[in-house]
file work12.cif (mmCIF, C-alpha atoms (C1' of nucleotides))
data_protein
#
loop_
_atom_site.label_atom_id
_atom_site.label_comp_id
_atom_site.auth_asym_id
_atom_site.auth_seq_id
_atom_site.Cartn_x
_atom_site.Cartn_y
_atom_site.Cartn_z
CA MET A 1 46.54 100.94 211.35
CA SER A 2 42.95 102.04 211.43
CA ILE A 3 39.70 100.89 209.93
CA SER A 4 36.46 102.35 208.71
CA LYS A 5 33.15 100.71 209.39
CA SER A 6 29.54 101.56 208.59
CA TYR A 7 26.35 100.76 210.45
CA ARG A 8 22.74 101.01 209.48
CA LEU A 9 20.25 102.01 212.16
CA THR A 10 16.51 101.70 211.73
CA PRO A 11 14.72 103.33 214.65
CA GLN A 12 10.97 103.15 214.95
CA ALA A 13 9.00 106.01 213.43
CA PRO A 14 8.29 108.77 214.08
CA TYR A 15 11.85 110.04 213.95
CA ARG A 16 12.83 113.65 213.31
CA PHE A 17 16.56 113.95 212.68
CA ASP A 18 16.37 117.73 212.28
CA TYR A 19 15.43 118.07 215.95
CA PHE A 20 18.82 116.65 216.87
CA GLN A 21 20.53 119.18 214.66
CA LYS A 22 18.63 122.07 216.19
CA ARG A 23 19.41 120.87 219.66
CA VAL A 24 23.09 120.53 218.86
CA GLU A 25 23.17 123.98 217.29
CA ASN A 26 21.51 125.54 220.31
CA SER A 27 23.35 123.61 222.98
CA SER A 28 26.33 124.83 224.92
CA ASN A 29 28.31 121.88 223.56
CA SER A 30 27.89 122.74 219.89
CA TYR A 31 31.66 123.17 219.46
CA LEU A 32 32.00 119.39 219.83
CA TYR A 33 29.95 118.77 216.68
CA SER A 34 29.96 119.50 212.98
CA ILE A 35 26.59 119.88 211.31
CA GLY A 36 25.88 119.16 207.66
CA GLU A 37 22.92 118.44 205.41
CA ASN A 38 20.94 115.80 207.32
CA ALA A 39 24.22 114.91 208.99
CA LEU A 40 26.19 115.31 212.21
CA SER A 41 29.72 114.35 213.10
CA ARG A 42 31.83 114.21 216.20
CA ALA A 43 35.07 112.72 217.50
CA HIS A 44 35.36 110.38 220.50
CA ILE A 45 38.25 108.82 222.37
CA ILE A 46 37.96 105.05 222.08
CA GLY A 47 40.63 102.88 223.64
CA GLY A 48 42.87 105.90 224.07
CA HIS A 49 42.65 107.04 220.47
CA PRO A 50 40.36 109.53 218.77
CA VAL A 51 37.89 108.22 216.20
CA LEU A 52 35.52 110.20 214.03
CA VAL A 53 31.83 109.33 213.69
CA HIS A 54 29.58 110.63 210.90
CA ILE A 55 25.84 110.27 211.27
CA THR A 56 23.65 110.69 208.19
CA LEU A 57 19.91 110.45 207.77
CA ASP A 58 19.56 108.38 204.62
CA THR A 59 15.81 108.84 204.31
CA PRO A 60 14.99 112.52 204.89
CA SER A 61 11.80 112.31 202.84
CA THR A 62 10.28 109.34 204.66
CA PRO A 63 10.19 109.93 208.42
CA ASN A 64 7.97 106.87 208.76
CA ALA A 65 10.78 104.63 207.53
CA PRO A 66 13.88 106.25 209.01
CA VAL A 67 17.30 104.85 208.17
CA ILE A 68 20.39 106.35 209.77
CA ARG A 69 23.85 105.55 208.52
CA LEU A 70 26.71 105.64 210.96
CA ASP A 71 30.28 105.81 209.61
CA VAL A 72 33.16 105.28 212.02
CA GLN A 73 36.62 106.32 210.87
CA GLY A 74 39.98 105.78 212.52
CA ALA A 75 39.13 103.01 214.98
CA HIS A 76 42.04 100.68 215.73
CA SER A 77 39.91 97.56 215.74
CA ASP A 78 36.54 96.23 214.79
CA ALA A 79 35.47 96.09 218.42
CA ARG A 80 36.40 99.72 218.99
CA ALA A 81 34.39 100.79 215.98
CA ASP A 82 31.46 98.93 217.52
CA GLN A 83 32.02 100.83 220.75
CA ALA A 84 31.78 104.15 218.91
CA ALA A 85 28.59 102.99 217.24
CA ASP A 86 27.13 102.02 220.61
CA ILE A 87 27.89 105.47 221.98
CA TRP A 88 25.81 106.98 219.20
CA ARG A 89 22.98 104.50 219.59
CA HIS A 90 22.84 105.78 223.14
CA MET A 91 23.18 109.48 222.24
CA LEU A 92 20.43 109.27 219.63
CA SER A 93 18.11 107.16 221.86
CA ILE A 94 17.81 104.77 218.93
CA ASP A 95 16.34 101.93 220.94
CA ARG A 96 13.69 104.00 222.71
CA PRO A 97 10.45 104.10 220.72
CA LEU A 98 8.35 107.18 221.35
CA LEU A 99 4.91 105.70 220.81
CA PRO A 100 4.40 104.32 224.35
CA PHE A 101 5.27 107.76 225.68
CA TYR A 102 2.87 109.43 223.27
CA GLN A 103 0.08 107.07 224.29
CA GLN A 104 0.63 108.07 227.88
CA ALA A 105 0.64 111.75 226.93
CA ALA A 106 -2.67 111.42 225.06
CA THR A 107 -4.62 111.24 228.31
CA ASP A 108 -3.90 114.91 229.04
CA PRO A 109 -4.98 117.56 226.52
CA VAL A 110 -2.01 119.83 227.25
CA LEU A 111 0.52 117.04 226.91
CA LYS A 112 -1.21 115.71 223.85
CA THR A 113 -0.78 119.06 222.10
CA ILE A 114 2.86 119.38 223.09
CA THR A 115 3.80 115.88 221.99
CA SER A 116 1.92 116.28 218.71
CA ASP A 117 3.74 119.52 217.97
CA LEU A 118 7.10 117.88 218.66
CA SER A 119 6.32 114.47 217.24
CA GLY A 120 9.44 112.54 216.36
CA MET A 121 11.74 114.38 218.77
CA HIS A 122 14.00 111.92 220.57
CA LEU A 123 16.25 112.70 223.51
CA LEU A 124 19.78 113.73 222.63
CA LEU A 125 21.97 112.34 225.40
CA ASP A 126 25.56 112.95 226.46
CA SER A 127 28.17 110.46 225.27
CA SER A 128 29.00 109.11 228.74
CA PRO A 129 28.27 109.60 232.45
CA PHE A 130 31.75 111.10 232.80
CA GLU A 131 31.18 113.72 230.13
CA SER A 132 27.74 114.41 231.53
CA THR A 133 29.07 114.98 235.05
CA ILE A 134 31.90 117.28 233.98
CA LEU A 135 29.58 119.38 231.81
CA SER A 136 26.93 119.57 234.52
CA ILE A 137 29.41 120.66 237.18
CA ILE A 138 30.69 123.39 234.89
CA GLY A 139 27.10 124.46 234.20
CA GLN A 140 26.29 124.97 237.88
CA GLN A 141 25.23 128.47 238.83
CA VAL A 142 26.76 130.39 235.89
CA ASN A 143 24.85 131.62 232.87
CA LEU A 144 24.80 129.52 229.72
CA THR A 145 27.07 131.79 227.67
CA PHE A 146 29.77 131.79 230.30
CA ALA A 147 29.34 128.05 230.84
CA GLU A 148 29.94 127.43 227.16
CA ASN A 149 33.16 129.45 227.31
CA LEU A 150 34.35 127.38 230.26
CA LYS A 151 33.50 124.09 228.55
CA ARG A 152 35.22 125.05 225.35
CA SER A 153 38.29 126.20 227.27
CA LEU A 154 38.54 122.87 229.05
CA VAL A 155 38.25 120.92 225.81
CA GLU A 156 40.77 123.02 223.93
CA LEU A 157 43.15 122.84 226.87
CA CYS A 158 43.46 119.07 227.12
CA ALA A 159 41.42 117.20 224.50
CA SER A 160 42.71 115.10 221.61
CA SER A 161 41.63 116.18 218.17
CA ILE A 162 41.45 115.00 214.58
CA ASP A 163 41.88 117.26 211.58
CA VAL A 164 39.64 116.37 208.66
CA ASN A 165 39.37 118.49 205.52
CA GLY A 166 40.91 121.42 207.31
CA SER A 167 38.54 121.42 210.27
CA THR A 168 39.48 120.33 213.77
CA HIS A 169 37.29 117.85 215.64
CA TYR A 170 37.82 117.71 219.40
CA ALA A 171 37.02 114.55 221.31
CA PHE A 172 35.70 115.20 224.80
CA PRO A 173 38.71 114.70 227.12
CA SER A 174 39.22 111.45 228.99
CA PRO A 175 39.33 111.30 232.80
CA GLU A 176 43.10 110.93 232.53
CA GLN A 177 43.45 114.04 230.40
CA ILE A 178 41.49 116.19 232.85
CA ALA A 179 43.16 114.51 235.84
CA ALA A 180 46.55 115.61 234.51
CA LEU A 181 45.61 119.30 234.70
CA ASN A 182 46.27 121.48 237.70
CA TYR A 183 43.90 123.98 239.29
CA GLU A 184 45.90 126.97 238.10
CA GLN A 185 45.40 126.04 234.46
CA LEU A 186 41.64 126.17 234.89
CA ARG A 187 41.83 129.31 237.04
CA ALA A 188 43.56 130.95 234.09
CA MET A 189 40.53 129.97 231.98
CA LYS A 190 38.17 131.84 234.35
CA PHE A 191 37.14 128.81 236.40
CA SER A 192 36.54 129.63 240.05
CA GLN A 193 38.87 127.87 242.46
CA ARG A 194 36.03 125.66 243.62
CA LYS A 195 34.87 124.75 240.16
CA ALA A 196 38.44 123.89 239.16
CA GLU A 197 38.69 121.60 242.18
CA TYR A 198 35.33 119.95 241.55
CA VAL A 199 36.19 119.16 237.92
CA ILE A 200 39.78 118.01 238.39
CA ASP A 201 39.19 116.08 241.63
CA PHE A 202 36.25 114.27 240.06
CA ALA A 203 38.32 113.35 237.00
CA ARG A 204 41.17 112.13 239.24
CA GLY A 205 38.76 109.95 241.17
CA VAL A 206 37.48 108.38 237.98
CA ALA A 207 41.00 107.97 236.60
CA ASN A 208 42.36 106.28 239.73
CA GLY A 209 39.34 104.05 240.15
CA SER A 210 38.05 105.43 243.44
CA ILE A 211 34.94 106.60 241.57
CA ASP A 212 33.25 103.82 239.63
CA LEU A 213 30.83 105.25 237.08
CA HIS A 214 30.18 101.83 235.54
CA SER A 215 28.56 100.73 238.77
CA LEU A 216 25.82 103.32 238.19
CA GLN A 217 24.37 101.16 235.43
CA GLY A 218 23.16 98.54 237.89
CA MET A 219 21.68 100.98 240.40
CA SER A 220 18.17 102.31 240.79
CA ASN A 221 17.68 106.03 240.30
CA ALA A 222 17.67 106.62 244.05
CA GLU A 223 20.81 104.54 244.58
CA ALA A 224 22.67 106.27 241.75
CA ILE A 225 21.73 109.72 243.06
CA ASP A 226 22.85 108.73 246.57
CA TYR A 227 26.16 107.53 245.15
CA LEU A 228 26.78 110.68 243.14
CA ILE A 229 25.85 113.30 245.71
CA LYS A 230 28.41 111.91 248.14
CA LEU A 231 31.06 113.20 245.75
CA ARG A 232 32.33 116.71 246.32
CA GLY A 233 30.85 119.19 243.87
CA ILE A 234 27.86 117.05 242.98
CA GLY A 235 24.50 118.01 244.47
CA ARG A 236 21.06 116.76 243.68
CA TRP A 237 20.60 118.90 240.56
CA THR A 238 23.87 117.69 239.04
CA ALA A 239 23.15 114.06 239.91
CA GLU A 240 19.76 114.29 238.23
CA CYS A 241 21.37 115.76 235.11
CA VAL A 242 23.76 112.81 235.01
CA LEU A 243 20.95 110.28 235.30
CA LEU A 244 18.86 111.95 232.63
CA PHE A 245 21.50 113.05 230.10
CA GLY A 246 24.35 110.70 230.96
CA LEU A 247 22.68 107.41 231.82
CA GLY A 248 19.60 108.11 229.73
CA ARG A 249 17.19 107.01 232.45
CA PRO A 250 13.67 107.40 231.01
CA ASP A 251 11.97 107.86 234.38
CA LEU A 252 13.85 110.67 236.04
CA LEU A 253 11.87 113.57 237.48
CA PRO A 254 13.95 116.68 238.36
CA ALA A 255 11.13 117.98 240.51
CA ALA A 256 13.04 120.96 241.86
CA ASP A 257 14.27 122.13 238.47
CA ILE A 258 13.22 125.72 237.86
CA GLY A 259 12.70 125.12 234.14
CA LEU A 260 10.27 122.26 234.73
CA ARG A 261 8.36 124.25 237.34
CA ASN A 262 8.10 127.23 235.01
CA ALA A 263 6.86 124.98 232.21
CA ILE A 264 4.12 123.44 234.37
CA GLN A 265 2.99 126.87 235.52
CA HIS A 266 2.99 128.14 231.94
CA PHE A 267 1.19 125.32 230.16
CA TRP A 268 -1.41 124.60 232.82
CA GLY A 269 -1.96 128.25 233.65
CA LEU A 270 -1.23 127.97 237.37
CA ASP A 271 -1.35 131.18 239.37
CA HIS A 272 1.91 130.33 241.12
CA GLN A 273 5.11 128.46 240.45
CA PRO A 274 4.53 124.89 241.69
CA THR A 275 6.65 123.65 244.56
CA GLU A 276 8.81 120.58 244.27
CA GLN A 277 6.16 118.56 246.07
CA GLU A 278 3.44 119.85 243.77
CA VAL A 279 5.55 118.84 240.77
CA ARG A 280 5.76 115.31 242.16
CA GLU A 281 2.01 115.11 242.55
CA PHE A 282 1.56 116.56 239.09
CA ALA A 283 3.87 113.99 237.57
CA VAL A 284 2.18 110.89 238.99
CA PRO A 285 0.52 110.12 235.60
CA TRP A 286 3.92 110.45 233.91
CA ARG A 287 5.25 107.36 235.64
CA GLY A 288 7.84 105.54 233.59
CA HIS A 289 8.47 108.41 231.18
CA GLU A 290 9.20 111.31 233.52
CA SER A 291 12.40 112.18 231.64
CA TYR A 292 10.50 112.42 228.38
CA PHE A 293 7.74 114.61 229.76
CA THR A 294 10.36 116.85 231.32
CA TYR A 295 12.41 117.05 228.13
CA TYR A 296 9.39 117.86 226.02
CA LEU A 297 8.16 120.49 228.48
CA TRP A 298 11.59 122.15 228.57
CA THR A 299 11.64 122.26 224.80
CA ALA A 300 8.06 123.45 224.45
CA LEU A 301 8.59 126.23 226.99
CA GLY A 302 11.70 127.33 225.11
CA LEU A 303 9.74 127.52 221.89
CA ALA A 304 6.84 129.34 223.54
CA ARG A 305 9.18 131.90 225.06
CA ALA A 306 10.92 132.39 221.75
CA ALA A 307 7.62 132.93 219.97
CA GLN A 308 6.52 135.37 222.65
CA LYS A 309 9.72 137.33 222.32
CA GLN A 310 9.41 137.48 218.58
CA GLN A 311 5.94 139.02 218.92
CA THR A 312 6.97 141.77 221.28
CA VAL A 313 10.25 142.64 219.63
CA THR A 314 10.44 145.34 216.97
CA PRO A 315 11.51 144.16 213.51
CA LYS A 316 14.75 146.10 213.77
CA ALA A 317 15.80 144.42 217.01
CA LYS A 318 14.78 140.99 215.82
CA ARG A 319 18.07 140.04 214.26
CA LYS A 320 19.97 140.99 217.36
CA ASN A 321 17.80 138.80 219.55
CA SER A 322 17.56 135.81 217.28
CA LYS A 323 20.55 134.17 218.92
CA ASN A 324 19.10 134.43 222.41
CA MET A 325 15.84 133.02 221.19
CA ALA A 326 17.62 129.99 219.86
CA GLU A 327 19.46 129.45 223.09
CA ARG A 328 16.49 128.80 225.26
CA ASP A 329 16.39 125.04 224.93
CA LYS A 330 17.47 123.09 227.91
CA GLU A 331 20.87 121.67 227.08
"C1'" DT B 1 25.36 149.50 239.66
"C1'" DA B 2 23.02 146.00 241.29
"C1'" DC B 3 21.39 141.54 240.57
"C1'" DC B 4 21.09 137.17 238.38
"C1'" DA B 5 22.73 132.83 236.36
"C1'" DG B 6 19.65 125.63 235.04
"C1'" DG B 7 24.38 125.15 242.39
"C1'" DA B 8 27.22 123.34 246.20
"C1'" DT B 9 29.12 123.54 250.64
"C1'" DA B 10 29.98 125.04 255.30
"C1'" DT B 11 28.14 126.92 259.35
"C1'" DG B 12 24.82 128.31 262.87
"C1'" DG B 13 20.28 128.09 264.73
"C1'" DC C 1 15.99 120.02 259.24
"C1'" DC C 2 15.91 125.26 257.63
"C1'" DA C 3 18.17 129.68 256.80
"C1'" DT C 4 22.18 132.13 255.51
"C1'" DA C 5 26.86 133.35 253.91
"C1'" DT C 6 30.32 132.34 250.61
"C1'" DC C 7 32.17 131.24 246.34
"C1'" DA C 8 33.76 134.01 241.64
"C1'" DT C 9 32.67 135.44 236.95
"C1'" DG C 10 30.19 137.34 232.98
"C1'" DG C 11 25.79 138.99 231.24
"C1'" DT C 12 22.15 142.48 231.44
#
call {"tool": "encode", "arguments": {"input": "work12.cif", "output": "structure tokens"}}
result
Amino acid sequence: MSISKSYRLTPQAPYRFDYFQKRVENSSNSYLYSIGENALSRAHIIGGHPVLVHITLDTPSTPNAPVIRLDVQGAHSDARADQAADIWRHMLSIDRPLLPFYQQAATDPVLKTITSDLSGMHLLLDSSPFESTILSIIGQQVNLTFAENLKRSLVELCASSIDVNGSTHYAFPSPEQIAALNYEQLRAMKFSQRKAEYVIDFARGVANGSIDLHSLQGMSNAEAIDYLIKLRGIGRWTAECVLLFGLGRPDLLPAADIGLRNAIQHFWGLDHQPTEQEVREFAVPWRGHESYFTYYLWTALGLARAAQKQQTVTPKAKRKNSKNMAERDKE
DNA sequence: TACCAGGATATGG
DNA sequence: CCATATCATGGT
């Protein structure tokens, strides 16, 4: 007893769907997605059951009149299909026009160039604060390749899946599914003891109601960060990741983030890596769109580094390095 | 072989 | 509040 339902989304231009695809391809969560021609798909658990969502850009030739079709398959009710659609509205930042951000960026020549080069790039967010927190905890301290192995292991260990046309789509596990694991299972997947405890204990807290992620919605950034960092395994960096990628806060400044500091040094030609305090002073004109400036600077630095590498690398070694070049994007 | 990787926590000054 | 040790594993 399941239904299919379609939605039509018309975000404001400019809107570059291909940037989402690139980001998915290069992210450490790419195993959760399938990528097609102007299309993405992914499974989600809704009301305890997996549903499949296809996202298609219906108007690839007219980025000034973007229309995105969303097809939900396997939902057990109309309302649950709507829930899946809402998740994707959030993930694709559909309701966040870029033009106000671009107007703000136009006052600085460096930012104006960067935003022009990446015009139409929206933020790709995580599907929920829970998913965002689990992925961020796993990403702490370890390199991106290893982090991806850990994330995939967790998903394959306990997630629900749907088989469509011979391919398996995993839905990111629910709090209950992760809560039911024991530390030894994750230790066997190369998690450290601590990381296994952080992940499972957090999921158990969410599952038993002692951690209320819904309450984050009504909090200010400072309140939400204060709430999150009281939880074991969540420090400031992780909390900021959750606000930016999980809650989709537009005005979050991860001032201590090494990637942001490197980007500021690079694009403004500073002779030293700016301190956290210097980043805050630097970002005063970004007020209201700090997340967007940060996201664009991360991306632009990744592209600049990739281009630099390509120049210095011999043609023979190019192919070997092409994967690393693609991996530089933040998340 | 060291050292690092998009950290977090506990402990001592 | 700041500095340091510890965690644990894979990549380079």
call {"tool": "residues_around", "arguments": {"input": "work12.cif", "residues": "DA3 (chain C)", "least_positions_apart": "4", "cutoff": "12 Å", "atoms": "all atoms listed in the file", "output": "VMD selection string"}}
result
chain B and resid 11 to 13
call {"tool": "interface_residues", "arguments": {"input": "work12.cif", "of": "chain B", "to": "chain A", "cutoff": "12 Å", "atoms": "all atoms listed in the file", "output": "list of chain:residue names"}}
result
B:DC4, B:DA5, B:DG6, B:DG7, B:DA8, B:DT9
call {"tool": "interface_residues", "arguments": {"input": "work12.cif", "of": "chain C", "to": "chain A", "cutoff": "9 Å", "atoms": "all atoms listed in the file", "output": "ChimeraX atom specification"}}
result
/C:7-11
call {"tool": "write_last_selection", "arguments": {"input": "work12.cif", "atoms": "C-alpha atoms (C1' of nucleotides)", "output": "tab-separated table (two decimals), keeping the file's coordinate frame"}}
result
chain	number	residue	atom	x	y	z
C	7	DC	C1'	32.17	131.24	246.34
C	8	DA	C1'	33.76	134.01	241.64
C	9	DT	C1'	32.67	135.44	236.95
C	10	DG	C1'	30.19	137.34	232.98
C	11	DG	C1'	25.79	138.99	231.24
call {"tool": "resolve_selection", "arguments": {"input": "work12.cif", "expression": "the PyMOL selection byres ((chain A and resi 41) around 10)", "output": "number ranges by chain"}}
result
A: 32-36, 39-40, 42-43, 52-56, 70-72, 169
call {"tool": "atom_distance", "arguments": {"input": "work12.cif", "atom1": "CA of Phe101 (chain A)", "atom2": "CA of Asp82 (chain A)"}}
result
28.8 Å
call {"tool": "atom_distance", "arguments": {"input": "work12.cif", "atom1": "CA of Pro254 (chain A)", "atom2": "CA of Arg204 (chain A)"}}
result
27.6 Å
call {"tool": "residues_near_point", "arguments": {"input": "work12.cif", "point": "(6.0, 119.0, 217.5)", "cutoff": "10 Å", "atoms": "all atoms listed in the file", "output": "number ranges by chain"}}
result
A: 16, 19, 113-121, 296, 299-300
call {"tool": "atom_distance", "arguments": {"input": "work12.cif", "atom1": "CA of Leu244 (chain A)", "atom2": "CA of His122 (chain A)"}}
result
13.0 Å
call {"tool": "residues_near_point", "arguments": {"input": "work12.cif", "point": "(28.6, 122.2, 223.0)", "cutoff": "10 Å", "atoms": "all atoms listed in the file", "output": "ChimeraX atom specification"}}
result
/A:23-33,135,147-149,151-152,331
call {"tool": "resolve_selection", "arguments": {"input": "work12.cif", "expression": "the PyMOL selection byres ((chain A and resi 272-286) around 10)", "output": "MDAnalysis selection string"}}
result
chainID A and resid 101 104:105 107:108 251 253:258 260:266 269:271 287:294
